[in-house]
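A.B. asks: What follows is the file target-v2.tsv, containing TSV, C-alpha atoms:
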chain	number	residue	atom	x	y	z
S	1	MET	CA	46.18	23.96	0.72
S	2	SER	CA	43.71	21.32	-0.43
S	3	ALA	CA	44.52	19.08	-3.37
S	4	PHE	CA	40.90	19.48	-4.45
S	5	ARG	CA	39.44	22.55	-6.15
S	6	THR	CA	35.95	22.03	-4.83
S	7	ARG	CA	34.19	20.12	-2.06
S	8	ALA	CA	32.41	18.08	-4.71
S	9	ASP	CA	35.79	16.90	-6.11
S	10	ALA	CA	36.88	15.84	-2.62
S	11	GLU	CA	33.66	13.98	-1.97
S	12	ALA	CA	33.81	12.29	-5.37
S	13	VAL	CA	37.19	10.79	-4.52
S	14	THR	CA	36.28	9.69	-1.01
S	15	ARG	CA	32.81	8.41	-1.92
S	16	PRO	CA	32.67	4.63	-2.45
S	17	PRO	CA	32.23	3.58	-6.11
S	18	ALA	CA	28.65	3.48	-7.36
S	19	PRO	CA	27.27	-0.07	-7.37
S	20	GLY	CA	26.76	-1.86	-10.68
S	21	ARG	CA	23.28	-2.61	-12.02
S	22	PRO	CA	22.63	-5.71	-9.83
S	23	GLY	CA	23.72	-3.72	-6.80
S	24	ARG	CA	21.36	-0.86	-7.69
S	25	VAL	CA	18.45	-3.28	-8.14
S	26	LEU	CA	19.20	-4.94	-4.78
S	27	ARG	CA	19.40	-1.56	-3.05
S	28	SER	CA	16.06	-0.51	-4.59
S	29	VAL	CA	14.42	-3.75	-3.45
S	30	GLY	CA	15.94	-3.36	0.01
S	31	ARG	CA	14.82	0.25	0.20
S	32	PHE	CA	11.25	-0.73	-0.83
S	33	TRP	CA	11.02	-3.39	1.90
S	34	TRP	CA	12.58	-1.09	4.51
S	35	ASN	CA	10.11	1.69	3.69
S	36	PHE	CA	7.24	-0.81	3.61
S	37	LEU	CA	8.03	-2.64	6.86
S	38	VAL	CA	9.66	0.10	8.92
S	39	GLY	CA	9.23	3.52	7.24
S	40	ASP	CA	8.53	6.15	9.89
S	41	THR	CA	6.71	3.72	12.20
S	42	PRO	CA	9.34	1.21	13.37
S	43	GLU	CA	7.28	0.53	16.49
S	44	LEU	CA	4.61	-1.20	14.37
S	45	PHE	CA	7.08	-3.66	12.83
S	46	VAL	CA	8.88	-4.35	16.11
S	47	GLY	CA	5.52	-4.64	17.89
S	48	VAL	CA	4.20	-7.21	15.39
S	49	LEU	CA	7.38	-9.27	15.81
S	50	ALA	CA	6.93	-9.15	19.59
S	51	VAL	CA	3.29	-10.24	19.22
S	52	LEU	CA	4.39	-13.21	17.10
S	53	GLY	CA	6.92	-14.17	19.77
S	54	ALA	CA	4.25	-14.00	22.47
S	55	LEU	CA	1.81	-16.10	20.40
S	56	LEU	CA	4.41	-18.79	19.75
S	57	GLY	CA	5.24	-18.83	23.46
S	58	LEU	CA	1.57	-19.32	24.36
S	59	ARG	CA	1.01	-22.25	22.00
S	60	GLY	CA	-1.35	-24.79	23.54
S	61	ASP	CA	-3.68	-22.18	25.01
S	62	PRO	CA	-5.68	-20.81	22.04
S	63	ALA	CA	-8.08	-18.75	24.15
S	64	VAL	CA	-5.27	-16.82	25.85
S	65	GLN	CA	-3.47	-16.51	22.50
S	66	GLY	CA	-6.53	-14.88	20.91
S	67	GLY	CA	-6.93	-12.42	23.79
S	68	VAL	CA	-3.24	-11.49	23.79
S	69	LEU	CA	-3.25	-11.01	20.01
S	70	LEU	CA	-6.30	-8.75	20.03
S	71	GLY	CA	-5.20	-6.75	23.06
S	72	ALA	CA	-1.66	-6.28	21.73
S	73	VAL	CA	-2.81	-5.09	18.28
S	74	VAL	CA	-5.30	-2.63	19.80
S	75	ALA	CA	-2.60	-1.27	22.15
S	76	LEU	CA	-0.03	-1.07	19.34
S	77	LEU	CA	-2.35	0.81	16.98
S	78	ALA	CA	-3.60	3.19	19.66
S	79	GLY	CA	-0.10	3.84	21.02
S	80	SER	CA	1.48	4.44	17.62
S	81	THR	CA	-1.34	6.77	16.54
S	82	TRP	CA	-1.14	8.73	19.80
S	83	ARG	CA	2.63	9.06	19.31
S	84	GLY	CA	2.08	10.47	15.81
S	85	ARG	CA	-0.24	13.31	16.81
S	86	ALA	CA	0.87	16.86	16.02
S	87	ARG	CA	2.27	18.64	19.05
S	88	GLY	CA	1.97	22.41	19.51
Q	89	MET	CA	-0.22	-32.01	1.90
Q	90	LEU	CA	-1.88	-28.62	2.22
Q	91	GLU	CA	-4.74	-28.41	4.69
Q	92	ALA	CA	-8.04	-26.91	3.61
Q	93	PRO	CA	-8.81	-23.46	4.98
Q	94	PRO	CA	-11.50	-23.23	7.70
Q	95	GLY	CA	-15.02	-22.63	6.53
Q	96	VAL	CA	-14.75	-24.91	3.49
Q	97	GLY	CA	-18.13	-26.55	3.02
Q	98	ASN	CA	-19.84	-23.79	5.06
Q	99	GLY	CA	-21.24	-21.86	2.09
Q	100	VAL	CA	-22.28	-18.73	3.97
Q	101	ALA	CA	-18.97	-18.32	5.79
Q	102	VAL	CA	-16.87	-18.99	2.66
Q	103	SER	CA	-18.82	-16.52	0.49
Q	104	GLY	CA	-18.65	-13.94	3.31
Q	105	THR	CA	-14.87	-14.26	3.46
Q	106	ALA	CA	-14.65	-14.11	-0.34
Q	107	ALA	CA	-16.76	-10.94	-0.37
Q	108	GLY	CA	-14.57	-9.39	2.33
Q	109	LEU	CA	-11.44	-10.40	0.43
Q	110	ALA	CA	-12.71	-8.89	-2.84
Q	111	LEU	CA	-13.81	-5.69	-1.08
Q	112	ALA	CA	-10.48	-5.24	0.74
Q	113	VAL	CA	-8.42	-5.84	-2.40
Q	114	PHE	CA	-10.69	-3.63	-4.55
Q	115	GLY	CA	-10.56	-0.77	-2.03
Q	116	ALA	CA	-6.79	-0.95	-1.47
Q	117	SER	CA	-6.14	-1.17	-5.22
Q	118	ALA	CA	-8.47	1.77	-5.94
Q	119	VAL	CA	-6.60	3.99	-3.45
Q	120	GLU	CA	-3.19	3.14	-4.97
Q	121	MET	CA	-4.48	3.44	-8.55
Q	122	VAL	CA	-5.87	6.96	-7.89
Q	123	GLU	CA	-2.35	8.00	-6.82
Q	124	ALA	CA	-0.83	6.28	-9.84
Q	125	LEU	CA	-3.36	7.96	-12.15
Q	126	THR	CA	-2.26	11.40	-10.94
Q	127	ILE	CA	1.33	10.61	-11.91
Q	128	VAL	CA	0.38	9.12	-15.31
Q	129	LEU	CA	-1.82	12.13	-16.12
Q	130	ALA	CA	0.94	14.54	-15.11
Q	131	ALA	CA	3.38	12.66	-17.37
Q	132	ALA	CA	0.81	12.76	-20.21
Q	133	VAL	CA	0.30	16.51	-19.84
Q	134	ALA	CA	4.00	17.33	-19.56
Q	135	ARG	CA	5.58	14.83	-21.97
Q	136	GLY	CA	2.86	13.33	-24.16
Q	137	THR	CA	0.04	10.82	-23.79
Q	138	ARG	CA	1.64	8.02	-25.83
Q	139	SER	CA	4.75	7.60	-23.66
Q	140	ALA	CA	2.77	7.96	-20.43
Q	141	LEU	CA	0.30	5.24	-21.47
Q	142	GLU	CA	3.10	2.96	-22.68
Q	143	GLY	CA	4.98	3.42	-19.39
Q	144	ALA	CA	1.84	2.62	-17.39
Q	145	ALA	CA	1.07	-0.45	-19.52
Q	146	ALA	CA	4.64	-1.75	-19.13
Q	147	ALA	CA	4.44	-1.37	-15.34
Q	148	ILE	CA	1.09	-3.20	-15.23
Q	149	GLY	CA	2.66	-6.06	-17.20
Q	150	VAL	CA	5.52	-6.31	-14.70
Q	151	LEU	CA	3.06	-6.26	-11.79
Q	152	ALA	CA	0.94	-9.05	-13.33
Q	153	VAL	CA	4.06	-11.21	-13.74
Q	154	LEU	CA	4.99	-10.52	-10.10
Q	155	VAL	CA	1.53	-11.62	-8.87
Q	156	ALA	CA	1.78	-14.90	-10.80
Q	157	GLY	CA	5.47	-15.37	-10.01
Q	158	LEU	CA	5.04	-14.86	-6.26
Q	159	GLY	CA	1.52	-16.13	-5.68
Q	160	LEU	CA	1.47	-19.41	-7.60
Q	161	PRO	CA	4.61	-20.95	-6.03
Q	162	VAL	CA	3.40	-19.92	-2.55
Q	163	LEU	CA	0.04	-21.59	-3.21
Q	164	ALA	CA	1.70	-24.73	-4.50
Q	165	TYR	CA	4.64	-25.27	-2.16
Q	166	VAL	CA	4.39	-23.33	1.10
Q	167	PRO	CA	2.47	-24.86	4.05
Q	168	LEU	CA	-0.74	-23.00	4.82
Q	169	ALA	CA	0.13	-22.24	8.45
Q	170	ALA	CA	3.42	-20.60	7.43
Q	171	VAL	CA	1.64	-18.59	4.72
Q	172	ARG	CA	-0.89	-17.35	7.25
Q	173	VAL	CA	1.73	-16.30	9.80
Q	174	VAL	CA	3.78	-14.33	7.27
Q	175	VAL	CA	0.70	-12.93	5.53
Q	176	GLY	CA	-0.88	-12.00	8.85
Q	177	MET	CA	2.23	-10.10	9.92
Q	178	LEU	CA	2.53	-8.24	6.59
Q	179	LEU	CA	-1.17	-7.32	6.61
Q	180	LEU	CA	-0.93	-6.10	10.20
Q	181	VAL	CA	2.07	-3.86	9.46
Q	182	LEU	CA	0.46	-2.47	6.30
Q	183	GLY	CA	-3.05	-2.16	7.73
Q	184	MET	CA	-1.94	-0.45	10.95
Q	185	SER	CA	0.32	1.98	9.09
Q	186	TRP	CA	-2.55	2.96	6.75
Q	187	LEU	CA	-4.91	3.30	9.71
Q	188	ARG	CA	-2.47	5.41	11.70
Q	189	LYS	CA	-2.03	7.91	8.86
Q	190	ALA	CA	-5.75	7.95	7.99
Q	191	VAL	CA	-6.80	8.48	11.63
Q	192	LEU	CA	-4.31	11.34	12.05
Q	193	ARG	CA	-5.62	12.95	8.82
Q	194	ALA	CA	-9.28	12.48	9.85
Q	195	ALA	CA	-8.51	14.02	13.26
Q	196	GLY	CA	-6.71	17.00	11.70
Q	197	HIS	CA	-3.21	16.13	12.94
Q	198	ARG	CA	-1.89	15.57	9.41
Q	199	PRO	CA	-2.80	17.38	6.18
Q	200	GLN	CA	-4.99	15.50	3.72
Q	201	ARG	CA	-3.29	14.14	0.61
Q	202	ASP	CA	-3.73	16.70	-2.17
Q	203	GLU	CA	-3.81	15.05	-5.62
Q	204	ASP	CA	-3.91	18.52	-7.26
Q	205	ALA	CA	-0.63	19.49	-5.56
Q	206	VAL	CA	1.01	16.17	-6.53
Q	207	PHE	CA	-0.18	16.68	-10.12
Q	208	SER	CA	1.16	20.26	-10.34
Q	209	ARG	CA	4.49	19.31	-8.79
Q	210	THR	CA	5.00	16.35	-11.14
Q	211	VAL	CA	4.09	18.40	-14.22
Q	212	GLY	CA	6.49	21.13	-13.10
Q	213	GLU	CA	9.32	18.64	-12.54
Q	214	LEU	CA	8.79	17.26	-16.05
Q	215	GLY	CA	8.97	20.73	-17.59
Q	216	GLY	CA	5.32	21.01	-18.52
Q	217	ALA	CA	2.71	23.60	-17.57
Q	218	THR	CA	-0.42	22.76	-15.59
Q	219	GLY	CA	-2.48	24.85	-18.03
Q	220	ASP	CA	-1.84	22.19	-20.69
Q	221	GLU	CA	-4.53	19.58	-20.90
Q	222	VAL	CA	-4.88	15.91	-21.57
Q	223	ARG	CA	-7.05	15.37	-24.64
Q	224	PRO	CA	-8.48	11.90	-24.26
Q	225	ARG	CA	-10.85	12.45	-27.17
Q	226	ALA	CA	-7.96	13.15	-29.54
Q	227	ARG	CA	-7.95	10.56	-32.29
Q	228	LEU	CA	-6.25	7.30	-31.42
Q	229	ARG	CA	-4.12	7.55	-34.56
Q	230	GLU	CA	-2.75	10.95	-33.44
Q	231	THR	CA	-1.80	9.49	-30.07
Q	232	LEU	CA	-0.10	6.40	-31.56
Q	233	ARG	CA	1.86	8.50	-34.07
Q	234	ALA	CA	3.13	10.99	-31.50
Q	235	PRO	CA	6.88	10.81	-30.84
Q	236	ARG	CA	8.00	8.78	-27.81
Q	237	ASP	CA	9.48	10.54	-24.78
Q	238	ALA	CA	11.82	8.68	-22.45
Q	239	ALA	CA	11.18	10.89	-19.42
Q	240	GLY	CA	7.41	10.58	-19.73
Q	241	PHE	CA	7.67	6.80	-20.10
Q	242	ALA	CA	10.02	6.51	-17.11
Q	243	VAL	CA	7.92	8.65	-14.77
Q	244	ALA	CA	4.68	6.86	-15.67
Q	245	PHE	CA	6.38	3.44	-15.42
Q	246	LYS	CA	7.98	4.17	-12.04
Q	247	GLY	CA	4.82	5.79	-10.63
Q	248	VAL	CA	2.54	2.88	-11.57
Q	249	LEU	CA	5.15	0.30	-10.49
Q	250	LEU	CA	5.75	1.83	-7.06
Q	251	GLU	CA	2.05	2.33	-6.29
Q	252	GLY	CA	1.29	-1.10	-7.75
Q	253	LEU	CA	3.84	-2.97	-5.62
Q	254	GLU	CA	1.68	-2.48	-2.52
Q	255	VAL	CA	-1.28	-3.80	-4.54
Q	256	VAL	CA	0.78	-6.86	-5.51
Q	257	LEU	CA	1.58	-7.48	-1.84
Q	258	ILE	CA	-2.07	-7.18	-0.88
Q	259	VAL	CA	-3.23	-9.44	-3.76
Q	260	VAL	CA	-0.61	-12.11	-2.99
Q	261	THR	CA	-1.07	-12.01	0.81
Q	262	LEU	CA	-4.88	-12.01	0.83
Q	263	GLY	CA	-5.13	-14.29	-2.19
Q	264	THR	CA	-2.76	-16.98	-0.91
Q	265	SER	CA	-4.06	-17.02	2.65
Q	266	SER	CA	-7.64	-17.37	1.39
Q	267	ARG	CA	-6.58	-19.82	-1.32
Q	268	ASP	CA	-8.28	-17.55	-3.87
Q	269	LEU	CA	-5.52	-15.77	-5.77
Q	270	GLY	CA	-7.72	-15.51	-8.86
Q	271	LEU	CA	-10.45	-13.58	-7.02
Q	272	ALA	CA	-7.90	-11.24	-5.42
Q	273	ALA	CA	-6.23	-10.56	-8.79
Q	274	ALA	CA	-9.62	-10.01	-10.44
Q	275	ALA	CA	-10.64	-7.52	-7.74
Q	276	ALA	CA	-7.38	-5.58	-8.21
Q	277	GLY	CA	-7.84	-5.61	-11.99
Q	278	ALA	CA	-11.41	-4.37	-11.65
Q	279	ALA	CA	-10.26	-1.49	-9.43
Q	280	ALA	CA	-7.56	-0.51	-11.94
Q	281	LEU	CA	-10.14	-0.53	-14.78
Q	282	VAL	CA	-12.67	1.54	-12.81
Q	283	VAL	CA	-10.06	4.16	-11.87
Q	284	ALA	CA	-8.61	4.27	-15.40
Q	285	ALA	CA	-12.09	4.68	-16.90
Q	286	ALA	CA	-12.94	7.44	-14.42
Q	287	GLY	CA	-9.64	9.16	-15.22
Q	288	LEU	CA	-10.30	8.99	-18.98
Q	289	LEU	CA	-13.82	10.35	-18.55
Q	290	VAL	CA	-12.85	13.36	-16.48
Q	291	ALA	CA	-9.40	13.77	-18.10
Q	292	ARG	CA	-7.85	15.01	-14.89
Q	293	GLN	CA	-6.56	13.71	-11.54
Q	294	LEU	CA	-9.28	12.33	-9.26
Q	295	SER	CA	-8.92	14.86	-6.45
Q	296	GLY	CA	-12.60	14.49	-5.55
Q	297	VAL	CA	-12.23	10.84	-4.47
Q	298	PRO	CA	-12.62	10.49	-0.67
Q	299	GLU	CA	-9.18	8.90	-0.41
Q	300	ASN	CA	-8.85	9.17	3.36
Q	301	ALA	CA	-12.26	7.57	3.97
Q	302	LEU	CA	-11.27	4.75	1.60
Q	303	LYS	CA	-7.95	4.29	3.45
Q	304	LEU	CA	-9.78	4.13	6.78
Q	305	GLY	CA	-12.10	1.42	5.47
Q	306	VAL	CA	-9.37	-0.58	3.75
Q	307	GLY	CA	-7.03	-0.18	6.75
Q	308	VAL	CA	-9.71	-1.62	9.05
Q	309	MET	CA	-10.17	-4.60	6.72
Q	310	LEU	CA	-6.45	-5.27	6.24
Q	311	THR	CA	-5.83	-5.09	10.01
Q	312	SER	CA	-8.79	-7.41	10.66
Q	313	PHE	CA	-7.57	-9.92	8.07
Q	314	GLY	CA	-4.05	-9.63	9.53
Q	315	VAL	CA	-5.23	-10.44	13.06
Q	316	PHE	CA	-7.42	-13.28	11.74
Q	317	TRP	CA	-4.72	-14.97	9.65
Q	318	LEU	CA	-1.90	-14.47	12.18
Q	319	GLY	CA	-4.14	-16.04	14.79
Q	320	GLU	CA	-5.10	-18.94	12.48
Q	321	GLY	CA	-1.45	-19.55	11.62
Q	322	THR	CA	-0.34	-19.72	15.29
Q	323	GLY	CA	-3.15	-21.94	16.54
Q	324	VAL	CA	-5.93	-19.55	17.58
Q	325	ARG	CA	-9.38	-21.00	16.90
Q	326	TRP	CA	-11.62	-17.98	16.39
Q	327	PRO	CA	-15.17	-18.51	17.71
Q	328	GLY	CA	-17.44	-19.06	14.71
Q	329	GLY	CA	-14.52	-19.57	12.32
Q	330	ASP	CA	-14.77	-17.17	9.38
Q	331	ALA	CA	-17.76	-15.48	11.05
Q	332	ALA	CA	-15.25	-13.88	13.46
Q	333	LEU	CA	-13.99	-11.65	10.62
Q	334	PRO	CA	-16.96	-9.22	10.61
Q	335	VAL	CA	-16.67	-9.01	14.41
Q	336	LEU	CA	-13.00	-8.05	14.08
Q	337	VAL	CA	-13.92	-5.47	11.42
Q	338	ALA	CA	-16.53	-3.96	13.75
Q	339	LEU	CA	-14.02	-3.91	16.63
Q	340	PHE	CA	-11.35	-2.07	14.66
Q	341	ALA	CA	-13.89	0.28	13.09
Q	342	GLY	CA	-15.03	1.19	16.62
Q	343	LEU	CA	-11.43	1.71	17.75
Q	344	VAL	CA	-10.76	3.99	14.78
Q	345	GLY	CA	-13.85	6.07	15.55
Q	346	LEU	CA	-12.78	6.38	19.18
Q	347	LEU	CA	-9.23	7.43	18.26
Q	348	VAL	CA	-10.47	10.11	15.84
Q	349	ALA	CA	-12.87	11.45	18.50
Q	350	LEU	CA	-10.11	11.52	21.15
Q	351	LEU	CA	-7.53	13.19	18.89
Q	352	ARG	CA	-9.74	15.81	17.24
Q	353	PRO	CA	-9.87	18.29	20.15
Q	354	SER	CA	-6.07	18.59	20.18
Q	355	ALA	CA	-5.66	19.12	16.40
Q	356	PRO	CA	-3.41	22.11	15.54
Q	357	ALA	CA	-6.12	24.19	13.77
Q	358	ARG	CA	-8.39	23.90	16.80
Q	359	ARG	CA	-5.54	24.86	19.16
Q	360	ALA	CA	-4.70	27.91	17.01
Q	361	ALA	CA	-8.36	28.97	17.10
Would you mind giving the structure from this file in structure tokens?
C.D. replies:
Amino acid sequence: MSAFRTRADAEAVTRPPAPGRPGRVLRSVGRFWWNFLVGDTPELFVGVLAVLGALLGLRGDPAVQGGVLLGAVVALLAGSTWRGRARG
Amino acid sequence: MLEAPPGVGNGVAVSGTAAGLALAVFGASAVEMVEALTIVLAAAVARGTRSALEGAAAAIGVLAVLVAGLGLPVLAYVPLAAVRVVVGMLLLVLGMSWLRKAVLRAAGHRPQRDEDAVFSRTVGELGGATGDEVRPRARLRETLRAPRDAAGFAVAFKGVLLEGLEVVLIVVTLGTSSRDLGLAAAAAGAAALVVAAAGLLVARQLSGVPENALKLGVGVMLTSFGVFWLGEGTGVRWPGGDAALPVLVALFAGLVGLLVALLRPSAPARRAA
């Protein structure tokens, strides 16, 4: 027989303590940045990081850098949009 | 020592970039402020105009402090190349995410944002009734004497703050990378005033605003600025300097048109028909 009358009582005991005010503010800030940068399109954030890596690796060849940057952004946008289309 | 941005001394190129900057910030701010207005109006209808206006004003104050607090130190202390790399990346993520959603909505793969539905839902959550009306022509003294309501203040404050945070990011990123934080802030302020004035005149949420078309346009500009500044920050020398920006805008506008045309035939409504 459970020591708890309801599921809510059990969860209240096992749940970690609520963070104090600074903790709540930090979590809100973290949640804002996560939603802003990642949200439901993590491929865009990861893709932009990969583009930056490629650009830094190609330093010294500005013409190739420009082409890679443009091509990668076009591919990223098109690919992410295609992935988001409604499927029947 | 901070290096001067490209195009300084080339009057045409600099004013073209400034015009593009002001347009991008104005458009992005207008889109976010329309969404914030819906929430403030819903709070005014459900819980009283005074608290809703006070909540909105408090949020705007916080946002103005954030712009100055983030933008001025970046302008003063952070090397320009580093600013451009970070700004470019942020603008790319934001611009592409706006474009993705706007393209899917334009092609019929996502429902359009419905300000009327957001308004009704918010009023309902606050315990009001959508048949109640905002009376902007009620005397100012009546409004100022009305009792305060904590829920109305909180909802209006949070709504304006959350929508405004993206505006702050756009103002700070575009303003610092162009070394024109004042112009960016002024453009955002102008957009907020225009939307607020329109909201007061019609006394209802601005559901007639072509929000998706605005998001498409602003998304194209933010993505173009993002590519431009990320390139500048990592050593790319764009042909024509600042004159490359309109070319990038045209390129991404063309891509958006192509994506909408390619996706439209497979939209759910068409398939059902």
A.B. asks: Counting all atoms listed in the file, give me one row per residue of range 145-204 of chain Q with an atom at most 8 Å from an atom of range 36-57 of chain S, showing the shortest contact pair and its distance in Å to one decimal, sorted by chain then residue number, as JSON lines.
C.D. replies:
{"residue": "Q:Met177", "atom": "CA", "partner": "S:Val48", "partner_atom": "CA", "distance": 6.5}
{"residue": "Q:Leu178", "atom": "CA", "partner": "S:Leu37", "partner_atom": "CA", "distance": 7.9}
{"residue": "Q:Leu180", "atom": "CA", "partner": "S:Val48", "partner_atom": "CA", "distance": 7.4}
{"residue": "Q:Val181", "atom": "CA", "partner": "S:Phe45", "partner_atom": "CA", "distance": 6.0}
{"residue": "Q:Leu182", "atom": "CA", "partner": "S:Phe36", "partner_atom": "CA", "distance": 7.5}
{"residue": "Q:Met184", "atom": "CA", "partner": "S:Leu44", "partner_atom": "CA", "distance": 7.4}
{"residue": "Q:Ser185", "atom": "CA", "partner": "S:Thr41", "partner_atom": "CA", "distance": 7.3}
A.B. asks: Any idea which chain S residues end up within 6 Å of chain Q if we count all atoms listed in the file, as a CSV table (one decimal) with C-alpha atoms, in the coordinates of the input please?
C.D. replies:
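Generated output (selection07.csv):
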chain,number,residue,atom,x,y,z
S,62,PRO,CA,-5.7,-20.8,22.0
S,66,GLY,CA,-6.5,-14.9,20.9
S,81,THR,CA,-1.3,6.8,16.5
S,85,ARG,CA,-0.2,13.3,16.8
S,86,ALA,CA,0.9,16.9,16.0
A.B. asks: Could you tell me how far CA of Phe32 in chain S lies from CA of Leu249 in chain Q, in Å and to one decimal?
C.D. replies: 11.5 Å
A.B. asks: Might you pull out every residue within 12 Å of Leu160 in chain Q, with all atoms listed in the file counted and same-chain residues fewer than 4 positions away left off, and present them as JSON, numbers by chain?
C.D. replies: {"Q": [152, 153, 154, 155, 156, 164, 165, 166, 259, 260, 261, 263, 264, 265, 267, 268, 269, 270, 273]}
A.B. asks: Mind giving me the straight-line distance from CA of Glu142 in chain Q to CA of Glu123 in chain Q in Å, one decimal?
C.D. replies: 17.5 Å
A.B. asks: Taking only C-alpha atoms into account, which of Q:Pro334, Q:Gly108, Q:Gly328, Q:Gly115 comes nearest Gly307 in chain Q?
C.D. replies: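 Smallest distance to Gly307 in chain Q is found for Q:Gly115.
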A.B. asks: Suppose you want the space between CA of Ala341 in chain Q and CA of Asp202 in chain Q; what is it in Å?
C.D. replies: 24.6 Å
